[in-house]
file my_file.csv (CSV, C-alpha atoms)
chain,number,residue,atom,x,y,z
T,1,MET,CA,0.0,0.0,0.0
T,2,THR,CA,1.5,3.3,-1.1
T,3,HIS,CA,1.8,6.2,1.3
T,4,ARG,CA,2.9,8.6,-1.5
T,5,ALA,CA,-0.8,9.5,-1.9
T,6,VAL,CA,-2.9,12.6,-2.0
T,7,PHE,CA,-6.6,13.1,-2.1
T,8,VAL,CA,-8.0,16.0,-4.1
T,9,ARG,CA,-11.5,17.4,-4.2
T,10,VAL,CA,-12.8,18.2,-7.7
T,11,GLY,CA,-16.2,19.1,-9.1
T,12,TRP,CA,-18.7,16.3,-9.9
T,13,MET,CA,-18.7,15.2,-13.5
T,14,GLN,CA,-19.6,12.1,-15.4
T,15,PHE,CA,-16.6,11.7,-17.8
T,16,TYR,CA,-14.0,14.4,-17.0
T,17,GLY,CA,-13.0,14.8,-20.7
T,18,LEU,CA,-13.4,11.2,-21.8
T,19,ARG,CA,-16.6,12.1,-23.7
T,20,PRO,CA,-17.4,15.5,-25.3
T,21,GLU,CA,-21.0,15.6,-24.2
T,22,ASP,CA,-20.1,15.9,-20.5
T,23,SER,CA,-21.6,18.8,-18.4
T,24,ASP,CA,-19.7,21.4,-16.5
T,25,PRO,CA,-18.3,20.4,-13.0
T,26,ILE,CA,-20.7,20.7,-10.0
T,27,GLY,CA,-19.1,21.7,-6.7
T,28,GLY,CA,-15.4,21.3,-6.1
T,29,GLY,CA,-13.3,24.4,-5.9
T,30,ALA,CA,-14.7,28.0,-5.6
T,31,PHE,CA,-13.6,28.7,-9.2
T,32,ASN,CA,-16.4,26.4,-10.4
T,33,ARG,CA,-19.1,28.7,-9.0
T,34,SER,CA,-18.4,31.3,-11.6
T,35,ASP,CA,-16.4,29.6,-14.3
T,36,ARG,CA,-15.5,26.1,-15.7
T,37,GLY,CA,-12.9,24.4,-13.6
T,38,CYS,CA,-9.8,22.8,-15.0
T,39,GLU,CA,-10.8,19.3,-13.9
T,40,VAL,CA,-13.0,19.0,-17.0
T,41,GLU,CA,-10.2,17.2,-18.7
T,42,ASN,CA,-8.6,15.3,-15.8
T,43,PHE,CA,-9.1,11.9,-17.4
T,44,LYS,CA,-8.7,12.8,-21.0
T,45,ASP,CA,-6.1,10.8,-22.9
T,46,ARG,CA,-3.6,13.0,-24.7
T,47,ASN,CA,-1.1,10.9,-26.5
T,48,GLY,CA,-1.0,8.4,-23.6
T,49,THR,CA,-1.0,10.9,-20.8
T,50,CYS,CA,-3.7,12.5,-18.6
T,51,TYR,CA,-3.0,16.0,-17.5
T,52,GLY,CA,-5.0,16.7,-14.3
T,53,TYR,CA,-5.7,19.7,-12.2
T,54,ALA,CA,-6.9,20.1,-8.6
T,55,GLN,CA,-7.4,23.5,-6.9
T,56,VAL,CA,-4.9,22.9,-4.1
T,57,SER,CA,-5.0,26.4,-2.5
T,58,ARG,CA,-5.1,29.5,-4.6
T,59,LEU,CA,-5.8,29.2,-8.3
T,60,GLY,CA,-2.7,28.0,-10.2
T,61,ALA,CA,-0.9,26.6,-7.2
T,62,GLY,CA,0.6,23.1,-7.0
T,63,PHE,CA,1.3,20.5,-4.3
T,64,ASN,CA,3.4,20.4,-1.2
T,65,LEU,CA,5.9,17.9,-2.5
T,66,ASP,CA,7.7,17.6,0.9
T,67,ARG,CA,4.4,16.7,2.6
T,68,VAL,CA,3.7,14.0,0.0
T,69,ALA,CA,7.2,12.4,0.2
T,70,GLY,CA,7.5,12.8,4.0
T,71,GLN,CA,10.9,14.5,3.6
T,72,PRO,CA,12.4,17.6,1.9
T,73,ILE,CA,12.4,17.3,-1.9
T,74,ASP,CA,14.7,19.2,-4.3
T,75,GLY,CA,13.1,20.2,-7.6
T,76,GLU,CA,9.7,21.2,-8.8
T,77,LYS,CA,8.1,17.8,-9.2
T,78,LEU,CA,7.7,14.4,-7.5
T,79,SER,CA,6.9,11.2,-9.3
T,80,ASP,CA,5.3,7.8,-8.4
T,81,VAL,CA,2.4,9.4,-6.5
T,82,LEU,CA,-1.2,8.2,-6.3
T,83,VAL,CA,-3.7,11.0,-6.8
T,84,VAL,CA,-7.2,10.1,-5.7
T,85,SER,CA,-10.1,12.3,-7.0
T,86,VAL,CA,-13.0,12.9,-4.6
T,87,ALA,CA,-16.2,14.7,-5.5
T,88,THR,CA,-19.6,15.3,-3.9
T,89,ARG,CA,-22.6,13.7,-5.5
T,90,PRO,CA,-25.5,16.1,-6.3
T,91,SER,CA,-27.3,14.2,-3.5
T,92,GLY,CA,-24.7,15.3,-1.0
T,93,ARG,CA,-22.5,12.2,-0.4
T,94,GLN,CA,-18.7,12.6,-0.9
T,95,VAL,CA,-17.2,9.7,-2.7
T,96,VAL,CA,-14.2,8.6,-4.7
T,97,VAL,CA,-14.7,9.2,-8.5
T,98,GLY,CA,-11.3,7.9,-9.7
T,99,TRP,CA,-7.6,7.9,-9.4
T,100,HIS,CA,-4.3,8.3,-11.2
T,101,SER,CA,-1.5,5.9,-10.3
T,102,SER,CA,2.2,6.5,-11.0
T,103,ALA,CA,1.4,10.3,-11.3
T,104,THR,CA,3.9,13.1,-11.3
T,105,ILE,CA,2.8,16.1,-9.2
T,106,TYR,CA,4.2,19.7,-9.4
T,107,ARG,CA,4.8,22.6,-7.1
T,108,LYS,CA,3.3,25.0,-9.7
T,109,SER,CA,0.7,24.5,-12.3
T,110,HIS,CA,1.6,24.4,-16.0
T,111,ASP,CA,-0.3,25.0,-19.2
T,112,ARG,CA,-1.9,22.0,-20.8
T,113,PRO,CA,-0.5,20.9,-24.2
T,114,ARG,CA,-1.9,22.6,-27.3
T,115,GLY,CA,-5.6,22.3,-27.5
T,116,GLY,CA,-6.0,21.5,-23.8
T,117,TYR,CA,-8.3,23.4,-21.4
T,118,ASN,CA,-6.3,25.7,-19.0
T,119,GLY,CA,-3.6,24.3,-16.7
T,120,TYR,CA,-2.6,21.1,-14.9
T,121,ASN,CA,-0.6,20.4,-11.7
T,122,PHE,CA,-0.3,16.6,-12.0
T,123,ALA,CA,0.2,14.2,-14.9
T,124,ALA,CA,-0.1,10.4,-15.2
T,125,PRO,CA,0.0,7.6,-17.8
T,126,ALA,CA,-3.5,7.2,-19.2
T,127,ARG,CA,-3.2,3.5,-18.8
T,128,ARG,CA,-2.8,4.0,-15.1
T,129,ALA,CA,-5.8,6.2,-14.7
T,130,VAL,CA,-9.2,4.8,-13.5
T,131,LEU,CA,-12.5,6.7,-13.7
T,132,LEU,CA,-15.4,4.9,-12.0
T,133,HIS,CA,-18.8,4.9,-13.6
T,134,GLU,CA,-21.1,7.2,-11.7
T,135,ASP,CA,-23.3,4.2,-10.6
T,136,THR,CA,-20.3,2.5,-9.0
T,137,ARG,CA,-18.9,5.5,-7.1
T,138,CYS,CA,-19.8,4.2,-3.7
T,139,TRP,CA,-16.5,4.5,-1.7
T,140,ARG,CA,-17.6,7.1,0.8
T,141,ILE,CA,-15.1,9.8,2.0
T,142,PRO,CA,-16.2,11.3,5.4
T,143,LYS,CA,-16.3,15.0,5.8
T,144,GLY,CA,-15.1,17.2,8.7
T,145,ALA,CA,-12.4,16.7,11.3
T,146,ASP,CA,-12.6,12.9,11.0
T,147,GLY,CA,-12.4,12.9,7.2
T,148,MET,CA,-11.5,15.2,4.4
T,149,GLY,CA,-12.0,18.7,5.8
T,150,GLN,CA,-12.7,22.0,4.1
T,151,ALA,CA,-9.4,22.1,2.1
T,152,ASN,CA,-9.5,20.6,-1.4
T,153,VAL,CA,-6.4,18.5,-0.8
T,154,CYS,CA,-5.7,15.9,1.9
T,155,TYR,CA,-2.3,14.3,2.2
T,156,ALA,CA,-1.7,10.8,3.4
T,157,ARG,CA,1.1,12.0,5.6
T,158,ASP,CA,1.1,14.5,8.5
T,159,ILE,CA,3.2,17.7,8.5
T,160,ASP,CA,5.9,15.9,10.4
T,161,GLY,CA,6.2,13.2,7.7
T,162,ARG,CA,4.5,10.4,9.5
T,163,ARG,CA,1.9,8.5,7.6
T,164,ARG,CA,-1.7,9.1,8.7
T,165,ARG,CA,-3.6,6.1,10.1
T,166,ASP,CA,-7.1,7.4,9.5
T,167,PRO,CA,-9.3,4.3,8.9
T,168,TRP,CA,-10.9,5.9,5.8
T,169,ILE,CA,-7.5,6.5,4.2
T,170,THR,CA,-6.4,2.9,4.8
T,171,ARG,CA,-9.7,1.6,3.5
T,172,VAL,CA,-9.6,3.5,0.3
T,173,LEU,CA,-6.0,2.7,-0.5
T,174,ASN,CA,-6.7,-1.0,0.0
T,175,LEU,CA,-9.8,-0.8,-2.2
T,176,ILE,CA,-7.7,0.8,-5.0
T,177,LYS,CA,-5.0,-1.8,-4.6
T,178,ARG,CA,-7.6,-4.6,-5.1
T,179,TYR,CA,-9.6,-2.9,-7.8
T,180,ARG,CA,-10.0,-5.0,-11.0
T,181,GLY,CA,-13.0,-3.3,-12.7
T,182,LYS,CA,-13.6,-1.0,-15.6
T,183,ARG,CA,-11.2,1.9,-16.1
T,184,ARG,CA,-12.8,4.5,-18.3
T,185,GLY,CA,-16.1,5.3,-16.8
T,186,GLU,CA,-18.0,2.4,-18.4
T,187,PRO,CA,-20.6,0.6,-16.4
T,188,ASP,CA,-19.6,-2.8,-15.0
T,189,ASP,CA,-20.8,-5.7,-17.1
T,190,ALA,CA,-24.0,-7.2,-15.6
T,191,LEU,CA,-23.7,-10.9,-14.6
T,192,GLU,CA,-26.0,-13.0,-16.8
T,193,ALA,CA,-26.9,-16.6,-16.5
T,194,ARG,CA,-29.4,-18.8,-18.4
T,195,GLU,CA,-32.2,-20.0,-16.0
T,196,GLY,CA,-35.7,-21.4,-16.2
T,197,GLU,CA,-35.0,-24.7,-17.9
T,198,ARG,CA,-36.6,-27.7,-16.3
T,199,PHE,CA,-34.9,-31.0,-15.3
T,200,ARG,CA,-36.0,-34.1,-13.4
T,201,ILE,CA,-34.5,-35.2,-10.1
T,202,GLU,CA,-35.4,-38.1,-7.8
T,203,THR,CA,-35.2,-37.8,-4.0
T,204,LEU,CA,-36.4,-39.4,-0.8
T,205,ARG,CA,-38.8,-37.2,1.2
T,206,LEU,CA,-39.6,-37.6,4.9
T,207,ILE,CA,-43.3,-38.2,5.6
T,208,ARG,CA,-45.0,-35.4,7.4
T,209,ASP,CA,-48.6,-35.2,8.6
T,210,PRO,CA,-50.3,-32.1,7.2
T,211,GLU,CA,-53.1,-32.2,9.8
T,212,VAL,CA,-50.6,-32.1,12.8
T,213,ALA,CA,-48.8,-29.1,11.1
T,214,ARG,CA,-52.1,-27.3,10.4
T,215,THR,CA,-53.1,-27.8,14.0
T,216,CYS,CA,-49.8,-26.2,15.1
T,217,LEU,CA,-50.4,-23.2,12.9
T,218,VAL,CA,-53.9,-22.7,14.3
T,219,ARG,CA,-52.7,-23.0,17.9
T,220,ASP,CA,-50.1,-20.3,17.3
T,221,ARG,CA,-52.6,-18.1,15.4
T,222,TYR,CA,-50.5,-18.2,12.2
T,223,ARG,CA,-47.7,-16.2,13.8
T,224,CYS,CA,-44.0,-16.9,14.1
T,225,ARG,CA,-43.3,-17.6,17.7
T,226,HIS,CA,-39.9,-15.9,17.5
T,227,CYS,CA,-40.0,-12.8,15.3
T,228,GLY,CA,-43.7,-12.3,15.5
T,229,PHE,CA,-44.3,-12.3,11.7
T,230,ALA,CA,-48.0,-13.0,11.1
T,231,LEU,CA,-50.2,-13.4,8.0
T,232,ASP,CA,-52.7,-10.8,7.0
T,233,GLN,CA,-55.8,-12.8,7.3
T,234,ARG,CA,-57.6,-10.5,4.8
T,235,ARG,CA,-55.1,-11.6,2.1
T,236,PHE,CA,-54.2,-15.1,3.3
T,237,PRO,CA,-57.2,-16.9,4.8
T,238,ARG,CA,-56.3,-19.7,7.1
T,239,GLY,CA,-57.3,-22.3,4.6
T,240,THR,CA,-55.1,-20.9,1.8
T,241,THR,CA,-53.3,-23.6,-0.2
T,242,GLY,CA,-49.5,-23.4,0.1
T,243,ILE,CA,-49.6,-21.6,3.4
T,244,SER,CA,-47.0,-24.0,4.7
T,245,ASN,CA,-44.5,-22.2,2.4
T,246,ILE,CA,-45.1,-19.0,4.3
T,247,LEU,CA,-45.2,-20.3,7.8
T,248,HIS,CA,-43.5,-23.6,8.9
T,249,ALA,CA,-44.4,-26.1,11.6
T,250,HIS,CA,-40.9,-26.6,13.1
T,251,HIS,CA,-40.0,-29.9,14.7
T,252,VAL,CA,-38.1,-29.3,17.9
T,253,ARG,CA,-36.5,-32.7,17.4
T,254,PRO,CA,-35.6,-32.8,13.7
T,255,LEU,CA,-37.4,-35.5,11.6
T,256,ALA,CA,-34.0,-36.6,10.2
T,257,ASP,CA,-33.3,-38.3,13.6
T,258,GLY,CA,-35.7,-41.0,12.6
T,259,LYS,CA,-39.4,-42.1,12.5
T,260,ARG,CA,-41.7,-41.5,15.5
T,261,ASN,CA,-45.1,-40.4,16.5
T,262,THR,CA,-45.4,-36.6,16.4
T,263,ARG,CA,-47.6,-34.6,18.7
T,264,VAL,CA,-48.6,-30.9,18.3
T,265,GLU,CA,-46.6,-30.2,21.4
T,266,ASP,CA,-43.5,-31.2,19.5
T,267,LEU,CA,-44.0,-28.4,16.9
T,268,VAL,CA,-43.5,-24.6,16.9
T,269,THR,CA,-44.7,-22.2,14.3
T,270,LEU,CA,-41.7,-20.3,12.7
T,271,CYS,CA,-41.3,-18.1,9.6
T,272,PRO,CA,-38.9,-19.5,6.9
T,273,THR,CA,-36.1,-17.2,8.1
T,274,CYS,CA,-36.3,-18.1,11.7
T,275,HIS,CA,-36.7,-21.8,10.8
T,276,ALA,CA,-33.5,-21.8,8.7
T,277,VAL,CA,-31.6,-19.9,11.4
T,278,ALA,CA,-32.8,-22.3,14.1
T,279,HIS,CA,-31.4,-25.3,12.2
T,280,ALA,CA,-28.2,-23.5,11.3
T,281,ILE,CA,-27.6,-22.7,15.0
T,282,ALA,CA,-28.2,-26.4,15.9
T,283,ARG,CA,-25.7,-27.6,13.3
T,284,ALA,CA,-23.1,-25.1,14.4
T,285,MET,CA,-23.5,-26.1,18.1
T,286,ASP,CA,-24.0,-29.8,17.3
T,287,VAL,CA,-27.2,-30.1,19.4
T,288,ASP,CA,-30.0,-32.6,18.8
T,289,VAL,CA,-32.9,-30.6,20.0
T,290,VAL,CA,-33.7,-27.3,18.3
T,291,THR,CA,-35.8,-25.4,20.8
T,292,LEU,CA,-37.4,-22.0,20.7
T,293,ALA,CA,-35.3,-21.1,23.8
T,294,LEU,CA,-32.1,-21.9,21.8
T,295,LEU,CA,-33.2,-19.7,18.9
T,296,ARG,CA,-34.0,-16.8,21.3
T,297,ARG,CA,-30.7,-17.1,23.0
T,298,HIS,CA,-28.6,-16.8,19.8
T,299,TYR,CA,-30.7,-14.9,17.2
T,300,ARG,CA,-32.4,-11.5,17.5
T,301,PRO,CA,-34.4,-10.5,14.4
T,302,THR,CA,-33.8,-6.9,13.4
T,303,SER,CA,-37.6,-6.3,13.2
T,304,ARG,CA,-38.0,-6.8,16.9

call {"tool": "encode", "arguments": {"input": "my_file.csv", "output": "structure tokens"}}
result
Amino acid sequence: MTHRAVFVRVGWMQFYGLRPEDSDPIGGGAFNRSDRGCEVENFKDRNGTCYGYAQVSRLGAGFNLDRVAGQPIDGEKLSDVLVVSVATRPSGRQVVVGWHSSATIYRKSHDRPRGGYNGYNFAAPARRAVLLHEDTRCWRIPKGADGMGQANVCYARDIDGRRRRDPWITRVLNLIKRYRGKRRGEPDDALEAREGERFRIETLRLIRDPEVARTCLVRDRYRCRHCGFALDQRRFPRGTTGISNILHAHHVRPLADGKRNTRVEDLVTLCPTCHAVAHAIARAMDVDVVTLALLRRHYRPTSR
């Protein structure tokens, strides 16, 4: 995980120069309030290089190279830096929009090559730049004292050169390191699978008595004894066919243990979720009797 990293706040855009139909940046530096900020071409490929700009302090300024490197630096530029672009969604959430790996940052801004829009203060190989599609920009960056404050730049090192250990910085740097998705603002490919075809299987089923199960549901008033889920009797009359798929008559001692005579007292009405959790707890604890008390001890539904 690199610690030569800097987070920069830019205006919100969709393509940052990758497509000509993009709108002007929203938010970002104060310059965007009255004019078009220089970040409009931050991810544009110009002969294999992206020339990016972030309003670090005053307009036209560059980066604090000593702060990024953690030591005094001679010269006007510093290479092998990760520049992470952060923007605020129109809805208000601050997120990562993309990054430039192996970037070179500058103390002062420079004019972009011929035909480019205004200046730049960092440059990176286009093949090392990643712009997330707007639908996948979900890596949240906190605001305020515990996150990225009012300044438009946040360094991954403190003033004394020690690397910052803020959890959000570590989390984002690790996410970037593991990223294997699209790189030029394209939406991620949707996973598709062919489904719906029918096939025949043969299996052995345990015999259950529907009348005993129905009596259990009636006794418990068609309500899960654990989470309280109940059927709306106006929509699901008590005689509805298939009601056992909605509420289950749970065997306190699993039927898989062998054949026996079952009484209503051996059953408890549970919803499918609580029923599945009850057996999962029993398997994990290697117990033979799956009681309601065991379920209540180890599982608290969020709805309660």

call {"tool": "residues_around", "arguments": {"input": "my_file.csv", "residues": "T:Thr88", "least_positions_apart": "2", "cutoff": "10 Å", "atoms": "only C-alpha atoms", "output": "list in words"}}
result
Arg9, Val10, Gly11, Trp12, Met13, Ile26, Gly27, Gly28, Val86, Pro90, Ser91, Gly92, Arg93, Gln94, Val95, Val96, Val97, Arg140 and Ile141 of chain T

call {"tool": "closest_residue", "arguments": {"input": "my_file.csv", "among": "T:Leu294, T:Ala213, T:Val289, T:Ala54", "to": "T:Val8", "atoms": "all atoms listed in the file"}}
result
T:Ala54

call {"tool": "residues_near_point", "arguments": {"input": "my_file.csv", "point": "(-10.2, -0.6, -9.1)", "cutoff": "9 Å", "atoms": "only C-alpha atoms", "output": "MDAnalysis selection string"}}
result
chainID T and resid 98:99 130:132 175:183

call {"tool": "atom_distance", "arguments": {"input": "my_file.csv", "atom1": "atom CA of T:Arg297", "atom2": "atom CA of T:Asp266"}}
result
19.4 Å

call {"tool": "atom_distance", "arguments": {"input": "my_file.csv", "atom1": "atom CA of T:Asn121", "atom2": "atom CA of T:Arg46"}}
result
15.3 Å

call {"tool": "residues_around", "arguments": {"input": "my_file.csv", "residues": "stretch 76-85 of chain T", "least_positions_apart": "3", "cutoff": "10 Å", "atoms": "only C-alpha atoms", "output": "number ranges by chain"}}
result
T: 2-12, 39, 42, 52, 54, 62-66, 68-69, 73, 95-108, 121-124, 128-131, 153-155, 172-173, 176

call {"tool": "residues_around", "arguments": {"input": "my_file.csv", "residues": "T:Cys216", "least_positions_apart": "5", "cutoff": "12 Å", "atoms": "all atoms listed in the file", "output": "number ranges by chain"}}
result
T: 209-211, 221-225, 244, 247-251, 262-270

call {"tool": "write_last_selection", "arguments": {"input": "my_file.csv", "atoms": "C-alpha atoms", "output": "compact mmCIF listing (two decimals), in the frame of the given file"}}
result
# COMPACT_ATOMS: atom_id res chain seq x y z
CA ASP T 209 -48.60 -35.20 8.60
CA PRO T 210 -50.30 -32.10 7.20
CA GLU T 211 -53.10 -32.20 9.80
CA ARG T 221 -52.60 -18.10 15.40
CA TYR T 222 -50.50 -18.20 12.20
CA ARG T 223 -47.70 -16.20 13.80
CA CYS T 224 -44.00 -16.90 14.10
CA ARG T 225 -43.30 -17.60 17.70
CA SER T 244 -47.00 -24.00 4.70
CA LEU T 247 -45.20 -20.30 7.80
CA HIS T 248 -43.50 -23.60 8.90
CA ALA T 249 -44.40 -26.10 11.60
CA HIS T 250 -40.90 -26.60 13.10
CA HIS T 251 -40.00 -29.90 14.70
CA THR T 262 -45.40 -36.60 16.40
CA ARG T 263 -47.60 -34.60 18.70
CA VAL T 264 -48.60 -30.90 18.30
CA GLU T 265 -46.60 -30.20 21.40
CA ASP T 266 -43.50 -31.20 19.50
CA LEU T 267 -44.00 -28.40 16.90
CA VAL T 268 -43.50 -24.60 16.90
CA THR T 269 -44.70 -22.20 14.30
CA LEU T 270 -41.70 -20.30 12.70

call {"tool": "residues_near_point", "arguments": {"input": "my_file.csv", "point": "(-32.3, -22.9, 16.5)", "cutoff": "7 Å", "atoms": "all atoms listed in the file", "output": "MDAnalysis selection string"}}
result
chainID T and resid 277:282 290:292 294:295

call {"tool": "residues_around", "arguments": {"input": "my_file.csv", "residues": "T:Gly161", "least_positions_apart": "2", "cutoff": "7 Å", "atoms": "only C-alpha atoms", "output": "list in words"}}
result
Arg67, Gly70, Gln71, Arg157, Asp158, Ile159 and Arg163 of chain T

call {"tool": "residues_around", "arguments": {"input": "my_file.csv", "residues": "T:Trp168", "least_positions_apart": "6", "cutoff": "10 Å", "atoms": "all atoms listed in the file", "output": "JSON, numbers by chain"}}
result
{"T": [139, 140, 141, 142, 146, 147, 148, 174]}

call {"tool": "atom_distance", "arguments": {"input": "my_file.csv", "atom1": "atom CA of T:Glu197", "atom2": "atom CA of T:Pro272"}}
result
25.6 Å

call {"tool": "closest_residue", "arguments": {"input": "my_file.csv", "among": "T:Arg112, T:Arg296, T:Arg260, T:Arg89", "to": "T:Cys227", "atoms": "all atoms listed in the file"}}
result
T:Arg296

call {"tool": "closest_residue", "arguments": {"input": "my_file.csv", "among": "T:Val212, T:Leu206, T:His110, T:Gln14", "to": "T:Arg137", "atoms": "all atoms listed in the file"}}
result
T:Gln14

call {"tool": "decode", "arguments": {"input": "my_file.csv", "residues": "stretch 263-277 of chain T", "atoms": "N, CA and C atoms", "output": "compact mmCIF listing (two decimals), in the first residue's frame"}}
result
# COMPACT_ATOMS: atom_id res chain seq x y z
N ARG T 263 -46.49 -35.25 18.10
CA ARG T 263 -47.61 -34.56 18.72
C ARG T 263 -47.51 -33.06 18.42
N VAL T 264 -48.62 -32.37 18.57
CA VAL T 264 -48.62 -30.93 18.32
C VAL T 264 -47.64 -30.23 19.26
N GLU T 265 -47.47 -30.76 20.46
CA GLU T 265 -46.56 -30.16 21.43
C GLU T 265 -45.11 -30.21 20.96
N ASP T 266 -44.82 -31.09 19.98
CA ASP T 266 -43.45 -31.19 19.45
C ASP T 266 -43.16 -30.15 18.38
N LEU T 267 -44.15 -29.33 18.01
CA LEU T 267 -44.02 -28.39 16.91
C LEU T 267 -44.12 -26.94 17.39
N VAL T 268 -43.44 -26.04 16.65
CA VAL T 268 -43.47 -24.60 16.92
C VAL T 268 -43.61 -23.88 15.59
N THR T 269 -44.50 -22.93 15.50
CA THR T 269 -44.65 -22.16 14.26
C THR T 269 -43.52 -21.15 14.12
N LEU T 270 -42.83 -21.21 12.98
CA LEU T 270 -41.74 -20.27 12.68
C LEU T 270 -41.88 -19.80 11.24
N CYS T 271 -41.41 -18.59 10.98
CA CYS T 271 -41.33 -18.11 9.60
C CYS T 271 -40.14 -18.80 8.93
N PRO T 272 -40.03 -18.80 7.60
CA PRO T 272 -38.93 -19.49 6.93
C PRO T 272 -37.55 -19.03 7.38
N THR T 273 -37.38 -17.72 7.64
CA THR T 273 -36.06 -17.23 8.06
C THR T 273 -35.69 -17.76 9.43
N CYS T 274 -36.58 -17.60 10.40
CA CYS T 274 -36.28 -18.09 11.75
C CYS T 274 -36.09 -19.60 11.75
N HIS T 275 -36.85 -20.30 10.91
CA HIS T 275 -36.72 -21.76 10.82
C HIS T 275 -35.33 -22.15 10.32
N ALA T 276 -34.87 -21.47 9.26
CA ALA T 276 -33.54 -21.77 8.72
C ALA T 276 -32.45 -21.43 9.72
N VAL T 277 -32.59 -20.30 10.42
CA VAL T 277 -31.59 -19.90 11.41
C VAL T 277 -31.55 -20.90 12.56
